[in-house]
>>> print(open('final.csv').read())   # CSV, N, CA and C atoms
chain,number,residue,atom,x,y,z
A,1,MET,N,132.6,131.6,115.4
A,1,MET,CA,133.2,132.9,115.8
A,1,MET,C,132.7,134.0,114.9
A,2,ALA,N,132.3,135.1,115.5
A,2,ALA,CA,131.7,136.2,114.7
A,2,ALA,C,132.8,136.8,113.8
A,3,LYS,N,132.3,137.3,112.7
A,3,LYS,CA,133.2,138.0,111.7
A,3,LYS,C,133.5,139.3,112.3
A,4,ARG,N,134.8,139.7,112.1
A,4,ARG,CA,135.3,141.0,112.6
A,4,ARG,C,135.3,142.1,111.6
A,5,VAL,N,134.8,143.2,112.0
A,5,VAL,CA,134.6,144.4,111.1
A,5,VAL,C,135.3,145.6,111.7
A,6,LEU,N,136.1,146.2,110.9
A,6,LEU,CA,136.8,147.5,111.3
A,6,LEU,C,136.1,148.6,110.5
A,7,ALA,N,135.5,149.6,111.2
A,7,ALA,CA,134.8,150.7,110.5
A,7,ALA,C,135.7,152.0,110.7
A,8,ILE,N,136.3,152.4,109.5
A,8,ILE,CA,137.2,153.6,109.5
A,8,ILE,C,136.4,154.8,109.0
A,9,GLY,N,136.5,155.9,109.7
A,9,GLY,CA,135.8,157.1,109.3
A,9,GLY,C,136.4,158.3,109.9
A,10,ILE,N,136.0,159.5,109.5
A,10,ILE,CA,136.4,160.8,110.0
A,10,ILE,C,135.7,161.0,111.4
A,11,GLU,N,136.5,161.4,112.4
A,11,GLU,CA,135.9,161.8,113.6
A,11,GLU,C,134.9,163.0,113.3
A,12,PRO,N,133.6,162.8,113.7
A,12,PRO,CA,132.6,163.8,113.3
A,12,PRO,C,132.9,165.2,113.7
A,13,GLY,N,133.5,165.4,114.8
A,13,GLY,CA,133.8,166.8,115.2
A,13,GLY,C,134.9,167.5,114.4
A,14,ASN,N,135.6,166.7,113.5
A,14,ASN,CA,136.6,167.3,112.7
A,14,ASN,C,136.2,167.5,111.2
A,15,ALA,N,135.0,167.1,110.9
A,15,ALA,CA,134.5,167.3,109.5
A,15,ALA,C,134.0,168.7,109.3
A,16,ASP,N,134.0,169.1,108.0
A,16,ASP,CA,133.5,170.4,107.6
A,16,ASP,C,132.0,170.2,107.1
A,17,TYR,N,131.1,170.8,107.8
A,17,TYR,CA,129.7,170.7,107.4
A,17,TYR,C,129.1,171.9,106.7
A,18,SER,N,130.0,172.8,106.3
A,18,SER,CA,129.5,174.1,105.8
A,18,SER,C,128.7,173.9,104.5
A,19,ALA,N,128.9,172.9,103.7
A,19,ALA,CA,128.1,172.6,102.6
A,19,ALA,C,126.7,172.0,102.9
A,20,PHE,N,126.6,171.5,104.2
A,20,PHE,CA,125.4,170.8,104.6
A,20,PHE,C,125.0,171.3,106.0
A,21,PRO,N,124.5,172.6,106.1
A,21,PRO,CA,124.2,173.2,107.3
A,21,PRO,C,123.2,172.4,108.2
A,22,GLN,N,122.4,171.5,107.6
A,22,GLN,CA,121.5,170.8,108.4
A,22,GLN,C,122.1,169.6,109.1
A,23,ILE,N,123.3,169.3,108.8
A,23,ILE,CA,124.1,168.2,109.4
A,23,ILE,C,125.0,168.7,110.5
A,24,THR,N,125.0,168.0,111.6
A,24,THR,CA,125.8,168.4,112.7
A,24,THR,C,126.7,167.2,113.1
A,25,PRO,N,127.8,167.5,113.9
A,25,PRO,CA,128.6,166.4,114.4
A,25,PRO,C,127.8,165.4,115.2
A,26,ALA,N,126.8,165.9,116.0
A,26,ALA,CA,126.0,165.0,116.9
A,26,ALA,C,125.1,164.1,116.0
A,27,LEU,N,124.6,164.6,114.9
A,27,LEU,CA,123.8,163.8,114.0
A,27,LEU,C,124.6,162.7,113.4
A,28,VAL,N,125.7,163.0,112.9
A,28,VAL,CA,126.6,162.1,112.3
A,28,VAL,C,127.1,161.0,113.3
A,29,ARG,N,127.4,161.5,114.5
A,29,ARG,CA,127.9,160.5,115.5
A,29,ARG,C,126.7,159.6,115.9
A,30,GLY,N,125.5,160.1,115.9
A,30,GLY,CA,124.3,159.2,116.2
A,30,GLY,C,124.2,158.2,115.1
A,31,HIS,N,124.3,158.5,113.9
A,31,HIS,CA,124.2,157.6,112.8
A,31,HIS,C,125.3,156.5,112.9
A,32,ILE,N,126.5,156.9,113.2
A,32,ILE,CA,127.7,156.0,113.3
A,32,ILE,C,127.4,155.0,114.5
A,33,GLU,N,127.0,155.5,115.6
A,33,GLU,CA,126.7,154.6,116.8
A,33,GLU,C,125.6,153.7,116.4
A,34,ALA,N,124.5,154.2,115.8
A,34,ALA,CA,123.4,153.3,115.4
A,34,ALA,C,123.8,152.2,114.5
A,35,GLN,N,124.7,152.5,113.5
A,35,GLN,CA,125.2,151.5,112.6
A,35,GLN,C,126.1,150.5,113.3
A,36,LEU,N,126.9,150.9,114.2
A,36,LEU,CA,127.8,150.0,114.9
A,36,LEU,C,126.9,149.0,115.7
A,37,LEU,N,125.9,149.6,116.4
A,37,LEU,CA,125.0,148.7,117.2
A,37,LEU,C,124.3,147.8,116.3
A,38,ARG,N,123.8,148.2,115.1
A,38,ARG,CA,123.1,147.4,114.2
A,38,ARG,C,124.0,146.2,113.7
A,39,LEU,N,125.2,146.5,113.4
A,39,LEU,CA,126.2,145.5,113.0
A,39,LEU,C,126.4,144.4,114.1
A,40,ARG,N,126.5,144.9,115.4
A,40,ARG,CA,126.6,144.0,116.5
A,40,ARG,C,125.4,143.2,116.7
A,41,ASP,N,124.2,143.8,116.5
A,41,ASP,CA,123.0,143.0,116.6
A,41,ASP,C,122.8,142.0,115.5
A,42,LEU,N,123.5,142.2,114.4
A,42,LEU,CA,123.5,141.3,113.3
A,42,LEU,C,124.5,140.1,113.5
A,43,GLY,N,125.3,140.2,114.5
A,43,GLY,CA,126.2,139.2,114.9
A,43,GLY,C,127.7,139.5,114.5
A,44,PHE,N,128.0,140.7,114.1
A,44,PHE,CA,129.4,141.0,113.8
A,44,PHE,C,130.1,141.6,115.1
A,45,ASP,N,131.4,141.4,115.1
A,45,ASP,CA,132.3,141.9,116.1
A,45,ASP,C,132.9,143.2,115.5
A,46,VAL,N,132.5,144.4,116.0
A,46,VAL,CA,132.9,145.6,115.3
A,46,VAL,C,133.8,146.5,116.1
A,47,THR,N,134.8,147.0,115.4
A,47,THR,CA,135.7,148.0,116.0
A,47,THR,C,135.6,149.3,115.2
A,48,SER,N,135.5,150.4,115.9
A,48,SER,CA,135.4,151.7,115.3
A,48,SER,C,136.8,152.3,115.3
A,49,CYS,N,137.2,153.0,114.2
A,49,CYS,CA,138.4,153.7,114.1
A,49,CYS,C,138.1,155.1,113.5
A,50,LEU,N,137.8,156.1,114.4
A,50,LEU,CA,137.5,157.4,113.9
A,50,LEU,C,138.8,158.2,113.9
A,51,ILE,N,139.1,158.8,112.8
A,51,ILE,CA,140.4,159.4,112.6
A,51,ILE,C,140.3,161.0,112.4
A,52,ASP,N,141.4,161.6,112.7
A,52,ASP,CA,141.5,163.0,112.5
A,52,ASP,C,141.9,163.3,111.0
A,53,LEU,N,142.0,164.5,110.7
A,53,LEU,CA,142.4,164.9,109.3
A,53,LEU,C,143.9,165.3,109.2
A,54,ASP,N,144.7,164.9,110.2
A,54,ASP,CA,146.1,165.3,110.1
A,54,ASP,C,147.0,164.1,110.1
A,55,ALA,N,148.2,164.3,110.5
A,55,ALA,CA,149.2,163.2,110.4
A,55,ALA,C,148.9,162.0,111.3
A,56,THR,N,148.1,162.2,112.3
A,56,THR,CA,147.8,161.1,113.2
A,56,THR,C,146.9,160.1,112.6
A,57,ALA,N,146.2,160.4,111.5
A,57,ALA,CA,145.3,159.5,110.9
A,57,ALA,C,145.9,158.2,110.5
A,58,GLU,N,147.0,158.2,109.8
A,58,GLU,CA,147.7,157.0,109.4
A,58,GLU,C,148.1,156.2,110.6
A,59,ALA,N,148.6,156.8,111.7
A,59,ALA,CA,149.0,156.1,112.9
A,59,ALA,C,147.8,155.4,113.5
A,60,ALA,N,146.7,156.1,113.6
A,60,ALA,CA,145.5,155.5,114.1
A,60,ALA,C,145.0,154.2,113.4
A,61,VAL,N,145.0,154.3,112.0
A,61,VAL,CA,144.6,153.2,111.2
A,61,VAL,C,145.6,152.1,111.3
A,62,THR,N,146.9,152.4,111.3
A,62,THR,CA,147.9,151.4,111.5
A,62,THR,C,147.8,150.6,112.8
A,63,ALA,N,147.5,151.4,113.9
A,63,ALA,CA,147.4,150.8,115.2
A,63,ALA,C,146.2,149.8,115.2
A,64,ALA,N,145.1,150.3,114.6
A,64,ALA,CA,143.9,149.4,114.6
A,64,ALA,C,144.1,148.1,113.8
A,65,LEU,N,144.8,148.3,112.7
A,65,LEU,CA,145.1,147.1,111.9
A,65,LEU,C,146.1,146.1,112.5
A,66,GLN,N,147.0,146.7,113.3
A,66,GLN,CA,148.0,145.8,113.9
A,66,GLN,C,147.4,145.0,115.0
A,67,ASP,N,146.4,145.5,115.7
A,67,ASP,CA,145.9,144.8,116.9
A,67,ASP,C,145.0,143.6,116.6
A,68,GLU,N,144.4,143.6,115.4
A,68,GLU,CA,143.4,142.5,115.2
A,68,GLU,C,143.5,142.0,113.7
A,69,ARG,N,142.8,140.9,113.5
A,69,ARG,CA,142.6,140.5,112.1
A,69,ARG,C,141.1,140.7,111.8
A,70,PHE,N,140.9,141.3,110.7
A,70,PHE,CA,139.5,141.7,110.3
A,70,PHE,C,139.1,140.9,109.0
A,71,ASP,N,137.8,140.6,109.0
A,71,ASP,CA,137.2,140.0,107.8
A,71,ASP,C,136.7,141.0,106.8
A,72,CYS,N,136.4,142.2,107.3
A,72,CYS,CA,135.9,143.2,106.5
A,72,CYS,C,136.3,144.6,107.0
A,73,ILE,N,136.6,145.5,106.2
A,73,ILE,CA,136.9,146.8,106.6
A,73,ILE,C,136.1,147.8,105.7
A,74,VAL,N,135.3,148.6,106.4
A,74,VAL,CA,134.4,149.5,105.8
A,74,VAL,C,135.0,150.9,105.9
A,75,ILE,N,135.1,151.6,104.8
A,75,ILE,CA,135.7,153.0,104.8
A,75,ILE,C,134.6,154.0,104.5
A,76,GLY,N,134.4,154.9,105.5
A,76,GLY,CA,133.4,155.9,105.4
A,76,GLY,C,133.4,156.8,104.2
A,77,ALA,N,132.3,157.3,103.8
A,77,ALA,CA,132.2,158.2,102.7
A,77,ALA,C,132.9,159.5,103.0
A,78,GLY,N,133.0,159.9,104.3
A,78,GLY,CA,133.7,161.2,104.6
A,78,GLY,C,135.2,161.2,104.2
A,79,LEU,N,135.7,160.0,104.0
A,79,LEU,CA,137.1,159.9,103.6
A,79,LEU,C,137.3,160.1,102.1
A,80,ARG,N,136.2,159.8,101.4
A,80,ARG,CA,136.3,159.9,99.9
A,80,ARG,C,135.9,161.3,99.4
A,81,GLU,N,135.2,162.0,100.1
A,81,GLU,CA,134.7,163.4,99.7
A,81,GLU,C,134.9,164.3,100.9
A,82,PRO,N,135.2,165.5,100.7
A,82,PRO,CA,135.5,166.2,99.4
A,82,PRO,C,136.8,165.8,98.7
A,83,LYS,N,137.0,166.2,97.5
A,83,LYS,CA,138.2,165.8,96.8
A,83,LYS,C,139.5,166.2,97.5
A,84,GLU,N,139.5,167.2,98.4
A,84,GLU,CA,140.7,167.6,99.1
A,84,GLU,C,141.2,166.4,100.0
A,85,ARG,N,140.3,165.5,100.3
A,85,ARG,CA,140.7,164.3,101.1
A,85,ARG,C,141.3,163.1,100.3
A,86,LEU,N,141.4,163.3,99.0
A,86,LEU,CA,141.9,162.2,98.2
A,86,LEU,C,143.2,161.6,98.7
A,87,LEU,N,144.2,162.4,99.0
A,87,LEU,CA,145.4,161.8,99.5
A,87,LEU,C,145.3,161.0,100.7
A,88,LEU,N,144.5,161.5,101.7
A,88,LEU,CA,144.2,160.8,102.9
A,88,LEU,C,143.5,159.5,102.6
A,89,PHE,N,142.5,159.5,101.8
A,89,PHE,CA,141.8,158.3,101.4
A,89,PHE,C,142.7,157.3,100.8
A,90,GLU,N,143.6,157.7,99.9
A,90,GLU,CA,144.6,156.8,99.3
A,90,GLU,C,145.5,156.2,100.3
A,91,LYS,N,145.9,157.0,101.2
A,91,LYS,CA,146.8,156.5,102.3
A,91,LYS,C,146.1,155.4,103.1
A,92,VAL,N,144.9,155.7,103.5
A,92,VAL,CA,144.1,154.7,104.3
A,92,VAL,C,143.9,153.5,103.5
A,93,LEU,N,143.5,153.6,102.3
A,93,LEU,CA,143.2,152.4,101.4
A,93,LEU,C,144.4,151.6,101.2
A,94,ASN,N,145.6,152.2,101.0
A,94,ASN,CA,146.8,151.5,100.9
A,94,ASN,C,147.3,150.8,102.1
A,95,LEU,N,147.0,151.4,103.3
A,95,LEU,CA,147.3,150.8,104.6
A,95,LEU,C,146.5,149.5,104.7
A,96,VAL,N,145.2,149.7,104.5
A,96,VAL,CA,144.3,148.5,104.6
A,96,VAL,C,144.7,147.4,103.6
A,97,HIS,N,145.0,147.8,102.4
A,97,HIS,CA,145.5,146.8,101.4
A,97,HIS,C,146.7,146.0,101.9
A,98,ARG,N,147.7,146.8,102.4
A,98,ARG,CA,148.9,146.2,102.8
A,98,ARG,C,148.8,145.4,104.1
A,99,MET,N,148.1,145.9,105.1
A,99,MET,CA,148.0,145.3,106.4
A,99,MET,C,146.9,144.3,106.6
A,100,ALA,N,145.9,144.3,105.8
A,100,ALA,CA,144.8,143.3,105.9
A,100,ALA,C,144.5,142.8,104.5
A,101,PRO,N,145.4,142.1,103.9
A,101,PRO,CA,145.2,141.7,102.5
A,101,PRO,C,144.1,140.7,102.3
A,102,ASN,N,143.7,140.0,103.3
A,102,ASN,CA,142.6,139.0,103.2
A,102,ASN,C,141.2,139.6,103.5
A,103,ALA,N,141.1,140.8,104.0
A,103,ALA,CA,139.9,141.4,104.4
A,103,ALA,C,139.1,141.9,103.2
A,104,ALA,N,137.8,141.8,103.2
A,104,ALA,CA,137.0,142.4,102.2
A,104,ALA,C,137.0,143.9,102.5
A,105,ILE,N,137.0,144.8,101.5
A,105,ILE,CA,136.9,146.2,101.6
A,105,ILE,C,135.6,146.7,101.0
A,106,CYS,N,134.9,147.5,101.8
A,106,CYS,CA,133.7,148.1,101.3
A,106,CYS,C,133.5,149.5,101.7
A,107,PHE,N,132.6,150.2,101.1
A,107,PHE,CA,132.4,151.6,101.3
A,107,PHE,C,130.9,151.9,101.6
A,108,ASN,N,130.7,152.7,102.6
A,108,ASN,CA,129.3,153.2,102.8
A,108,ASN,C,129.1,154.5,101.9
A,109,THR,N,127.9,154.9,101.8
A,109,THR,CA,127.6,156.1,101.1
A,109,THR,C,127.2,157.3,102.0
A,110,THR,N,126.8,156.9,103.2
A,110,THR,CA,126.4,157.8,104.3
A,110,THR,C,126.7,157.1,105.6
A,111,PRO,N,126.7,157.8,106.7
A,111,PRO,CA,126.9,157.2,108.0
A,111,PRO,C,125.8,156.2,108.3
A,112,ALA,N,124.7,156.3,107.6
A,112,ALA,CA,123.5,155.5,107.9
A,112,ALA,C,123.4,154.2,107.1
A,113,ASP,N,124.3,153.9,106.2
A,113,ASP,CA,124.2,152.6,105.5
A,113,ASP,C,125.4,151.7,105.6
A,114,THR,N,126.1,151.8,106.7
A,114,THR,CA,127.3,151.0,107.0
A,114,THR,C,127.0,149.5,107.0
A,115,ALA,N,125.9,149.2,107.7
A,115,ALA,CA,125.6,147.8,107.8
A,115,ALA,C,125.3,147.1,106.4
A,116,GLU,N,124.7,147.9,105.5
A,116,GLU,CA,124.4,147.3,104.2
A,116,GLU,C,125.7,147.2,103.4
A,117,ALA,N,126.6,148.1,103.6
A,117,ALA,CA,127.9,148.0,102.9
A,117,ALA,C,128.7,146.7,103.4
A,118,VAL,N,128.7,146.5,104.7
A,118,VAL,CA,129.4,145.3,105.2
A,118,VAL,C,128.7,144.0,104.7
A,119,GLN,N,127.3,144.0,104.8
A,119,GLN,CA,126.6,142.8,104.4
A,119,GLN,C,126.7,142.4,102.9
A,120,ARG,N,127.2,143.4,102.1
A,120,ARG,CA,127.4,143.0,100.7
A,120,ARG,C,128.6,142.1,100.5
A,121,TRP,N,129.5,142.1,101.5
A,121,TRP,CA,130.7,141.3,101.4
A,121,TRP,C,130.9,140.2,102.4
A,122,VAL,N,130.3,140.3,103.5
A,122,VAL,CA,130.5,139.2,104.5
A,122,VAL,C,129.2,138.9,105.3
A,123,GLU,N,129.1,137.7,105.8
A,123,GLU,CA,127.9,137.4,106.6
A,123,GLU,C,128.5,137.2,108.0
A,124,PRO,N,127.6,137.4,109.0
A,124,PRO,CA,128.1,137.3,110.4
A,124,PRO,C,128.6,135.9,110.8
>>> encode(input="final.csv", output="structure tokens")
Amino acid sequence: MAKRVLAIGIEPGNADYSAFPQITPALVRGHIEAQLLRLRDLGFDVTSCLIDLDATAEAAVTAALQDERFDCIVIGAGLREPKERLLLFEKVLNLVHRMAPNAAICFNTTPADTAEAVQRWVEP
């Protein structure tokens, strides 16, 4: 049976790109989709959980974690930066810790290195 991965990240259309004018929501979405496809090609069963920056974020993560058992959960860099998102990051991390205590937790550094983050902790 394929290892299950949950990829949690910020919905690209809701991110602030003012500090990075060369980056667009479409570019980020393309990287996310490419990484999800790459993980599937590597043999992982992947679920994407893109969240908003408001109160619905916790509910979306909770719903994703309730529906399945995951071997690995990757949390996107957009949740860790900028520092104004620290509280949201902590909420998501604590939900994952509480609801998926046996899952490996990993972090990507950009939307383009998600597969490498997962592969550090689990094999397909």
>>> closest_residue(input="final.csv", among="A:Ala104, A:Ala60, A:Leu39, A:Leu93", to="Val122 in chain A", atoms="only N, CA and C atoms")
A:Ala104
>>> select_by_dssp(input="final.csv", residues="chain A", states="strand (DSSP E)", output="PyMOL selection string")
chain A and resi 4-10+45-51+72-75+104-107
>>> closest_residue(input="final.csv", among="A:Phe70, A:Lys3, A:Pro12, A:Glu123", to="His31 in chain A", atoms="only C-alpha atoms")
A:Pro12
>>> select_by_dssp(input="final.csv", residues="chain A", states="alpha helix (DSSP H)", output="JSON, numbers by chain")
{"A": [25, 26, 27, 28, 29, 30, 31, 32, 33, 34, 35, 36, 37, 38, 39, 40, 41, 56, 57, 58, 59, 60, 61, 62, 63, 64, 65, 66, 67, 86, 87, 88, 89, 90, 91, 92, 93, 94, 95, 96, 97, 98, 99, 114, 115, 116, 117, 118, 119]}
>>> atom_distance(input="final.csv", atom1="atom C of Leu87 in chain A", atom2="atom C of Ala34 in chain A")
27.0 Å
>>> atom_distance(input="final.csv", atom1="atom N of Phe89 in chain A", atom2="atom C of Thr110 in chain A")
16.4 Å
>>> decode(input="final.csv", residues="range 90-123 of chain A", atoms="C-alpha atoms", output="PDB file, in the first residue's frame")
ATOM      1  CA  GLU A  90       1.571  27.055  15.506  1.00  0.00           C
ATOM      2  CA  LYS A  91      -2.141  26.208  15.285  1.00  0.00           C
ATOM      3  CA  VAL A  92      -1.613  24.017  12.231  1.00  0.00           C
ATOM      4  CA  LEU A  93       1.434  22.311  13.733  1.00  0.00           C
ATOM      5  CA  ASN A  94      -0.397  21.567  16.977  1.00  0.00           C
ATOM      6  CA  LEU A  95      -3.408  20.186  15.084  1.00  0.00           C
ATOM      7  CA  VAL A  96      -1.112  17.875  13.145  1.00  0.00           C
ATOM      8  CA  HIS A  97       0.687  16.805  16.311  1.00  0.00           C
ATOM      9  CA  ARG A  98      -2.591  16.094  18.103  1.00  0.00           C
ATOM     10  CA  MET A  99      -4.524  14.459  15.255  1.00  0.00           C
ATOM     11  CA  ALA A 100      -1.736  12.555  13.478  1.00  0.00           C
ATOM     12  CA  PRO A 101       0.724  11.619  16.217  1.00  0.00           C
ATOM     13  CA  ASN A 102       2.302   8.802  14.209  1.00  0.00           C
ATOM     14  CA  ALA A 103       2.899  10.809  11.040  1.00  0.00           C
ATOM     15  CA  ALA A 104       6.297  12.189  10.156  1.00  0.00           C
ATOM     16  CA  ILE A 105       6.250  15.982   9.881  1.00  0.00           C
ATOM     17  CA  CYS A 106       8.406  17.762   7.343  1.00  0.00           C
ATOM     18  CA  PHE A 107       8.792  21.204   5.839  1.00  0.00           C
ATOM     19  CA  ASN A 108       9.557  22.394   2.353  1.00  0.00           C
ATOM     20  CA  THR A 109      11.542  25.557   1.740  1.00  0.00           C
ATOM     21  CA  THR A 110       9.730  26.526  -1.476  1.00  0.00           C
ATOM     22  CA  PRO A 111       6.750  25.137  -3.395  1.00  0.00           C
ATOM     23  CA  ALA A 112       9.299  23.449  -5.676  1.00  0.00           C
ATOM     24  CA  ASP A 113      11.004  21.125  -3.139  1.00  0.00           C
ATOM     25  CA  THR A 114       8.067  19.362  -1.508  1.00  0.00           C
ATOM     26  CA  ALA A 115       9.018  15.931  -2.835  1.00  0.00           C
ATOM     27  CA  GLU A 116      12.499  16.213  -1.341  1.00  0.00           C
ATOM     28  CA  ALA A 117      11.021  17.177   2.031  1.00  0.00           C
ATOM     29  CA  VAL A 118       8.749  14.115   2.050  1.00  0.00           C
ATOM     30  CA  GLN A 119      11.511  11.773   0.882  1.00  0.00           C
ATOM     31  CA  ARG A 120      13.684  12.797   3.821  1.00  0.00           C
ATOM     32  CA  TRP A 121      11.194  11.047   6.135  1.00  0.00           C
ATOM     33  CA  VAL A 122       9.288   8.355   4.254  1.00  0.00           C
ATOM     34  CA  GLU A 123       9.687   6.049   1.292  1.00  0.00           C
TER      35      GLU A 123
END
